[in-house]
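Data block below; observations after.
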Amino acid sequence: MKAKILFLFAFWLCALFAAFAKETNPAAVSALLDRIGGAGTAARFVTEVDAALSADGKDVFVITARDGKPCIQGNSISAVTTGINWYLNHYAHVNLAWNRLTADLSAATLPVPGAEERHACTADYRYYLNYCTFSYSMAFWTWERWQQEIDWMALHGINMPLALVGADVVWKNVLEQLGYSLSEIRLMNNLEGWGGPNKDWWYTRQETLSKNILARMRELGMTPVLPGYSGMVPHDITAKKGWTIADPGRWCQFQRPGFLLPTDSHFAEMAALYYQELEKVMGTSIYYSMDPFHEGGNTSGVDLPAAYTAIQTAMDKVNPDAKWVIQSWNENPRSECLNTIKKGKLVVLDLFSEAVPRWKDWNGYGGHEMVYCMLHNFGGRVGLHGRLRTMTQGYYDALRLYPQNLKGVGATPEGIETNPMLYDALFELPWTTVASSAEWLNGYATARYGAANADAAEAWQKLAQSVYDCPTSQQGTSEPVALYIIMSTTCVALPPPSSPLPPNLGAMPPGQTTCATTSWT
């Protein structure tokens, strides 16, 4: 008995030591530094993960000096990479944004901090991306471009990115097992698809790209939000297999997928098949994104509480600790969902908080975990537009009113690579107590241009009081109205393929046909 007690005590000590062990210059962080600053950049810093820095479970980073170098410490990989970005912006005056995702730091002056600076994060969840972003901005990205974006995510403290690359592979594998041919396969969401079919090489490319993306996200301390199963099946599955579905109708005149009724005995079978194939391609996660009946789907004939229960039950079988991530948009999340799903199992993304803060109308979503999000960009449109002041104040207001269940901050843009200032501001919010957007903006101007400049600071203040202070809920920047459009389409056949796939996972391989459309207004 005594020996057993001693063994358990020794085991507890080892576990405690492991929990609070330090790791100096973690390989993942060093590799990131060399990617963003050039070979040798990591050697100019000291970085350290020390779990003991956080006593309350909140992420913390500390900026200090060691061995004559800037030293960035954090309780997690994500906290360290956030601290690196803070140091670059506020000490070295180097701002990495979509217009400059890397910088030559090999000869740059890296100030050595004279005192310790510590920041704790008020947001457990730092969410990023929108389903639309994967089409408007990312549809044909290569691994090279994805690496840069994931580094950008890490620097901005994002620990909960939406991951959709590879979802089409999952659906292909699922539908093939249900007896659908390649020409019949579609990706299920608001609509069943348009055009196609995709070639086999596309699915091969996407699966490889997906695995690379997810491995890098996890390496940098992120927990990806994977596409979960929310009842979707092809609208003709009744004819194919005799399954009972509800018809959600059409979305923008496109055919929606059917909704497999939870009362159908095949619901659990279908969900299990989906998650089985999801795990093969993308692994598992704590977070699963699901938006049944998104943007007006017809729910006639559906027992909504039973449907939400079936969706959660299927998710829990994959991971009992999993959480359902749902967008607050249009009818969703419906009251039946909020009343059915247990507290702690649902994360509500308040999708357009900076303009239409639905968390106010829903009384903080009845105590469910929620994330304050900035949508900002609709349709991938280009133009100066935003709500810096209201976005900043809105986050602090929500945190003050709902400190128990406001768990995070997020960016949910339909398109990216525009107005990077807003995203820098958003993701610094939970790490600072500065409530004045004007004060923050002066520091941003210095980081953006490398030195303090009164004219640049004044220009940004004027922008913040005009184009970046939209007073309405307008969805994105204004657009010119085209009187007429003349379009011409040219199709060309590319040379025969010389290899199955380009080594960098590029877009279309040789030997395929592509079309280019030119327009004049």
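If you're wondering about the labels, chains in the structure tokens are A, B, ... by order shown, residues count from 1 in each chain, ligands from 1 in order shown.
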
Spatial neighbours of Gln73 of chain A, max dist 7 Å, only C-alpha atoms, sep filter under 3 positions, as a PyMOL selection string:
chain A and resi 47-50+61-63+80

Could you turn the residues from that selection into a file that holds all heavy atoms, as a PDB file, in the first residue's frame?
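The result, stored in result-v4.pdb:
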```pdb
ATOM      1  N   THR A  47      13.001  32.897 -27.279  1.00  0.00           N
ATOM      2  CA  THR A  47      11.572  32.642 -27.079  1.00  0.00           C
ATOM      3  C   THR A  47      11.419  31.488 -26.103  1.00  0.00           C
ATOM      4  O   THR A  47      12.260  30.591 -26.039  1.00  0.00           O
ATOM      5  CB  THR A  47      10.862  32.299 -28.406  1.00  0.00           C
ATOM      6  OG1 THR A  47      11.463  31.136 -28.997  1.00  0.00           O
ATOM      7  CG2 THR A  47      10.967  33.465 -29.383  1.00  0.00           C
ATOM      8  N   GLU A  48      10.335  31.516 -25.345  1.00  0.00           N
ATOM      9  CA  GLU A  48      10.178  30.499 -24.307  1.00  0.00           C
ATOM     10  C   GLU A  48       8.706  30.264 -23.997  1.00  0.00           C
ATOM     11  O   GLU A  48       7.947  31.213 -23.794  1.00  0.00           O
ATOM     12  CB  GLU A  48      10.903  30.939 -23.042  1.00  0.00           C
ATOM     13  CG  GLU A  48      10.961  29.882 -21.940  1.00  0.00           C
ATOM     14  CD  GLU A  48      11.875  30.311 -20.807  1.00  0.00           C
ATOM     15  OE1 GLU A  48      11.454  31.167 -20.002  1.00  0.00           O
ATOM     16  OE2 GLU A  48      13.010  29.803 -20.755  1.00  0.00           O
ATOM     17  N   VAL A  49       8.322  28.997 -23.971  1.00  0.00           N
ATOM     18  CA  VAL A  49       6.984  28.607 -23.509  1.00  0.00           C
ATOM     19  C   VAL A  49       7.116  28.176 -22.064  1.00  0.00           C
ATOM     20  O   VAL A  49       7.899  27.277 -21.736  1.00  0.00           O
ATOM     21  CB  VAL A  49       6.410  27.460 -24.367  1.00  0.00           C
ATOM     22  CG1 VAL A  49       5.086  26.972 -23.779  1.00  0.00           C
ATOM     23  CG2 VAL A  49       6.214  27.904 -25.805  1.00  0.00           C
ATOM     24  N   ASP A  50       6.379  28.832 -21.193  1.00  0.00           N
ATOM     25  CA  ASP A  50       6.415  28.547 -19.756  1.00  0.00           C
ATOM     26  C   ASP A  50       4.978  28.553 -19.237  1.00  0.00           C
ATOM     27  O   ASP A  50       4.375  29.607 -19.035  1.00  0.00           O
ATOM     28  CB  ASP A  50       7.251  29.607 -19.039  1.00  0.00           C
ATOM     29  CG  ASP A  50       7.363  29.350 -17.536  1.00  0.00           C
ATOM     30  OD1 ASP A  50       6.776  28.350 -17.055  1.00  0.00           O
ATOM     31  OD2 ASP A  50       8.021  30.150 -16.845  1.00  0.00           O
ATOM     32  N   PHE A  61       1.567  36.725 -22.352  1.00  0.00           N
ATOM     33  CA  PHE A  61       2.922  36.837 -22.893  1.00  0.00           C
ATOM     34  C   PHE A  61       3.678  37.929 -22.146  1.00  0.00           C
ATOM     35  O   PHE A  61       3.087  38.873 -21.625  1.00  0.00           O
ATOM     36  CB  PHE A  61       2.935  37.073 -24.411  1.00  0.00           C
ATOM     37  CG  PHE A  61       2.446  38.419 -24.888  1.00  0.00           C
ATOM     38  CD1 PHE A  61       3.240  39.566 -24.782  1.00  0.00           C
ATOM     39  CD2 PHE A  61       1.200  38.543 -25.505  1.00  0.00           C
ATOM     40  CE1 PHE A  61       2.791  40.794 -25.237  1.00  0.00           C
ATOM     41  CE2 PHE A  61       0.740  39.776 -25.959  1.00  0.00           C
ATOM     42  CZ  PHE A  61       1.544  40.898 -25.828  1.00  0.00           C
ATOM     43  N   VAL A  62       4.979  37.746 -22.092  1.00  0.00           N
ATOM     44  CA  VAL A  62       5.863  38.679 -21.404  1.00  0.00           C
ATOM     45  C   VAL A  62       6.996  39.049 -22.354  1.00  0.00           C
ATOM     46  O   VAL A  62       7.625  38.171 -22.955  1.00  0.00           O
ATOM     47  CB  VAL A  62       6.442  38.060 -20.113  1.00  0.00           C
ATOM     48  CG1 VAL A  62       7.435  39.022 -19.457  1.00  0.00           C
ATOM     49  CG2 VAL A  62       5.322  37.691 -19.147  1.00  0.00           C
ATOM     50  N   ILE A  63       7.237  40.343 -22.496  1.00  0.00           N
ATOM     51  CA  ILE A  63       8.337  40.840 -23.313  1.00  0.00           C
ATOM     52  C   ILE A  63       9.413  41.365 -22.376  1.00  0.00           C
ATOM     53  O   ILE A  63       9.151  42.231 -21.529  1.00  0.00           O
ATOM     54  CB  ILE A  63       7.860  41.949 -24.269  1.00  0.00           C
ATOM     55  CG1 ILE A  63       6.809  41.395 -25.248  1.00  0.00           C
ATOM     56  CG2 ILE A  63       9.038  42.548 -25.046  1.00  0.00           C
ATOM     57  CD1 ILE A  63       6.194  42.442 -26.144  1.00  0.00           C
ATOM     58  N   VAL A  80       3.189  33.106 -27.228  1.00  0.00           N
ATOM     59  CA  VAL A  80       4.537  33.528 -27.646  1.00  0.00           C
ATOM     60  C   VAL A  80       4.488  34.209 -29.010  1.00  0.00           C
ATOM     61  O   VAL A  80       5.083  35.283 -29.208  1.00  0.00           O
ATOM     62  CB  VAL A  80       5.501  32.327 -27.669  1.00  0.00           C
ATOM     63  CG1 VAL A  80       6.842  32.729 -28.306  1.00  0.00           C
ATOM     64  CG2 VAL A  80       5.744  31.802 -26.267  1.00  0.00           C
TER      65      VAL A  80
END
```

Residue contacts of segment 22-26 of chain A (12 Å, only C-alpha atoms) excluding same-chain residues fewer than 5 positions away, as a PyMOL selection string
chain A and resi 17+31-33+41-53+66+71-78+80-81+219-221

Written selection (N, CA, C and O atoms) as a CSV table (one decimal), in the first residue's frame:
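Saved the output as again15.csv:
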```csv
chain,number,residue,atom,x,y,z
A,17,PHE,N,5.4,18.6,-12.9
A,17,PHE,CA,6.7,19.1,-13.5
A,17,PHE,C,6.4,19.3,-15.0
A,17,PHE,O,6.8,20.4,-15.6
A,31,ALA,N,11.0,28.3,-36.4
A,31,ALA,CA,10.8,28.2,-37.9
A,31,ALA,C,9.9,29.4,-38.4
A,31,ALA,O,10.1,29.9,-39.5
A,32,LEU,N,8.9,29.8,-37.6
A,32,LEU,CA,8.1,30.9,-37.9
A,32,LEU,C,8.9,32.2,-38.0
A,32,LEU,O,8.8,33.0,-39.0
A,33,LEU,N,9.8,32.4,-37.1
A,33,LEU,CA,10.7,33.6,-37.1
A,33,LEU,C,11.5,33.7,-38.4
A,33,LEU,O,11.7,34.7,-39.0
A,41,THR,N,16.8,34.8,-38.4
A,41,THR,CA,16.1,35.7,-37.5
A,41,THR,C,15.8,35.1,-36.2
A,41,THR,O,15.9,35.8,-35.1
A,42,ALA,N,15.6,33.8,-36.1
A,42,ALA,CA,15.3,33.1,-34.8
A,42,ALA,C,16.4,33.3,-33.9
A,42,ALA,O,16.2,33.4,-32.6
A,43,ALA,N,17.7,33.3,-34.4
A,43,ALA,CA,18.8,33.4,-33.5
A,43,ALA,C,19.0,34.7,-32.9
A,43,ALA,O,19.7,34.9,-31.9
A,44,ARG,N,18.2,35.7,-33.4
A,44,ARG,CA,18.3,37.1,-32.8
A,44,ARG,C,17.3,37.3,-31.7
A,44,ARG,O,17.2,38.4,-31.1
A,45,PHE,N,16.5,36.3,-31.4
A,45,PHE,CA,15.5,36.3,-30.3
A,45,PHE,C,15.7,35.2,-29.3
A,45,PHE,O,16.3,34.1,-29.7
A,46,VAL,N,15.2,35.3,-28.2
A,46,VAL,CA,15.0,34.2,-27.2
A,46,VAL,C,13.5,34.1,-27.1
A,46,VAL,O,12.8,35.1,-26.8
A,47,THR,N,13.0,32.9,-27.3
A,47,THR,CA,11.6,32.6,-27.1
A,47,THR,C,11.4,31.5,-26.1
A,47,THR,O,12.3,30.6,-26.0
A,48,GLU,N,10.3,31.5,-25.3
A,48,GLU,CA,10.2,30.5,-24.3
A,48,GLU,C,8.7,30.3,-24.0
A,48,GLU,O,7.9,31.2,-23.8
A,49,VAL,N,8.3,29.0,-24.0
A,49,VAL,CA,7.0,28.6,-23.5
A,49,VAL,C,7.1,28.2,-22.1
A,49,VAL,O,7.9,27.3,-21.7
A,50,ASP,N,6.4,28.8,-21.2
A,50,ASP,CA,6.4,28.5,-19.8
A,50,ASP,C,5.0,28.6,-19.2
A,50,ASP,O,4.4,29.6,-19.0
A,51,ALA,N,4.4,27.4,-19.0
A,51,ALA,CA,3.0,27.2,-18.6
A,51,ALA,C,2.8,27.9,-17.3
A,51,ALA,O,1.6,28.4,-17.0
A,52,ALA,N,3.8,28.1,-16.5
A,52,ALA,CA,3.6,28.7,-15.2
A,52,ALA,C,3.3,30.2,-15.2
A,52,ALA,O,2.9,30.8,-14.2
A,53,LEU,N,3.4,30.8,-16.4
A,53,LEU,CA,3.1,32.2,-16.5
A,53,LEU,C,1.7,32.5,-16.3
A,53,LEU,O,1.3,33.7,-16.0
A,66,ARG,N,17.0,39.0,-22.6
A,66,ARG,CA,17.9,37.9,-22.1
A,66,ARG,C,19.1,37.8,-23.0
A,66,ARG,O,18.9,37.7,-24.2
A,71,CYS,N,13.5,39.0,-25.6
A,71,CYS,CA,13.0,37.7,-25.1
A,71,CYS,C,11.5,37.7,-25.0
A,71,CYS,O,10.9,38.6,-24.4
A,72,ILE,N,10.8,36.8,-25.7
A,72,ILE,CA,9.4,36.7,-25.7
A,72,ILE,C,9.0,35.4,-25.0
A,72,ILE,O,9.3,34.3,-25.5
A,73,GLN,N,8.3,35.5,-23.9
A,73,GLN,CA,7.8,34.4,-23.2
A,73,GLN,C,6.3,34.3,-23.2
A,73,GLN,O,5.6,35.3,-23.4
A,74,GLY,N,5.8,33.1,-23.1
A,74,GLY,CA,4.3,32.9,-23.1
A,74,GLY,C,4.0,31.6,-22.5
A,74,GLY,O,4.8,30.7,-22.5
A,75,ASN,N,2.7,31.5,-22.0
A,75,ASN,CA,2.3,30.2,-21.4
A,75,ASN,C,2.0,29.2,-22.4
A,75,ASN,O,1.8,28.0,-22.1
A,76,SER,N,1.9,29.6,-23.7
A,76,SER,CA,1.6,28.7,-24.8
A,76,SER,C,2.3,29.2,-26.1
A,76,SER,O,2.8,30.3,-26.1
A,77,ILE,N,2.3,28.3,-27.1
A,77,ILE,CA,2.9,28.7,-28.4
A,77,ILE,C,2.2,29.9,-28.9
A,77,ILE,O,2.8,30.9,-29.4
A,78,SER,N,0.8,29.9,-28.8
A,78,SER,CA,0.0,31.0,-29.4
A,78,SER,C,0.4,32.3,-28.7
A,78,SER,O,0.5,33.4,-29.3
A,80,VAL,N,3.2,33.1,-27.2
A,80,VAL,CA,4.5,33.5,-27.6
A,80,VAL,C,4.5,34.2,-29.0
A,80,VAL,O,5.1,35.3,-29.2
A,81,THR,N,3.8,33.6,-30.0
A,81,THR,CA,3.8,34.2,-31.3
A,81,THR,C,3.0,35.5,-31.3
A,81,THR,O,3.4,36.5,-32.0
A,219,GLU,N,0.7,22.8,-35.2
A,219,GLU,CA,2.1,23.0,-34.7
A,219,GLU,C,2.2,24.3,-34.0
A,219,GLU,O,3.0,24.5,-33.1
A,220,LEU,N,1.4,25.3,-34.5
A,220,LEU,CA,1.5,26.7,-33.9
A,220,LEU,C,0.5,27.0,-32.9
A,220,LEU,O,0.1,28.1,-32.6
A,221,GLY,N,0.0,25.9,-32.3
A,221,GLY,CA,-0.9,26.0,-31.1
A,221,GLY,C,-2.4,26.3,-31.4
A,221,GLY,O,-3.1,26.7,-30.5
```

Looking at only C-alpha atoms, which of A:Ser230, A:Thr432, A:Asn363, A:Thr472 is the one that sits closest to Cys121 of chain A?
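Closest to Cys121 of chain A, using only C-alpha atoms: A:Thr432.
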
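Nearest to Phe267 of chain A of all the residues A:Pro70, A:Gly231, A:Pro471, A:Gly57 is A:Gly231, counting only C-alpha atoms.
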
Counting only C-alpha atoms, what is within 12 Å of Phe378 of chain A, bar same-chain residues fewer than 6 positions away, as a list in words?
Asn130, Tyr131, Cys132, Thr133, Tyr136, Ser137, Leu351, Phe352, His385, Gly386, Thr412, Pro413, Glu414, Gly415, Ile416, Thr418, Ser473, Gln474, Gln475, Gly476, Thr477, Ser478 and Glu479 of chain A
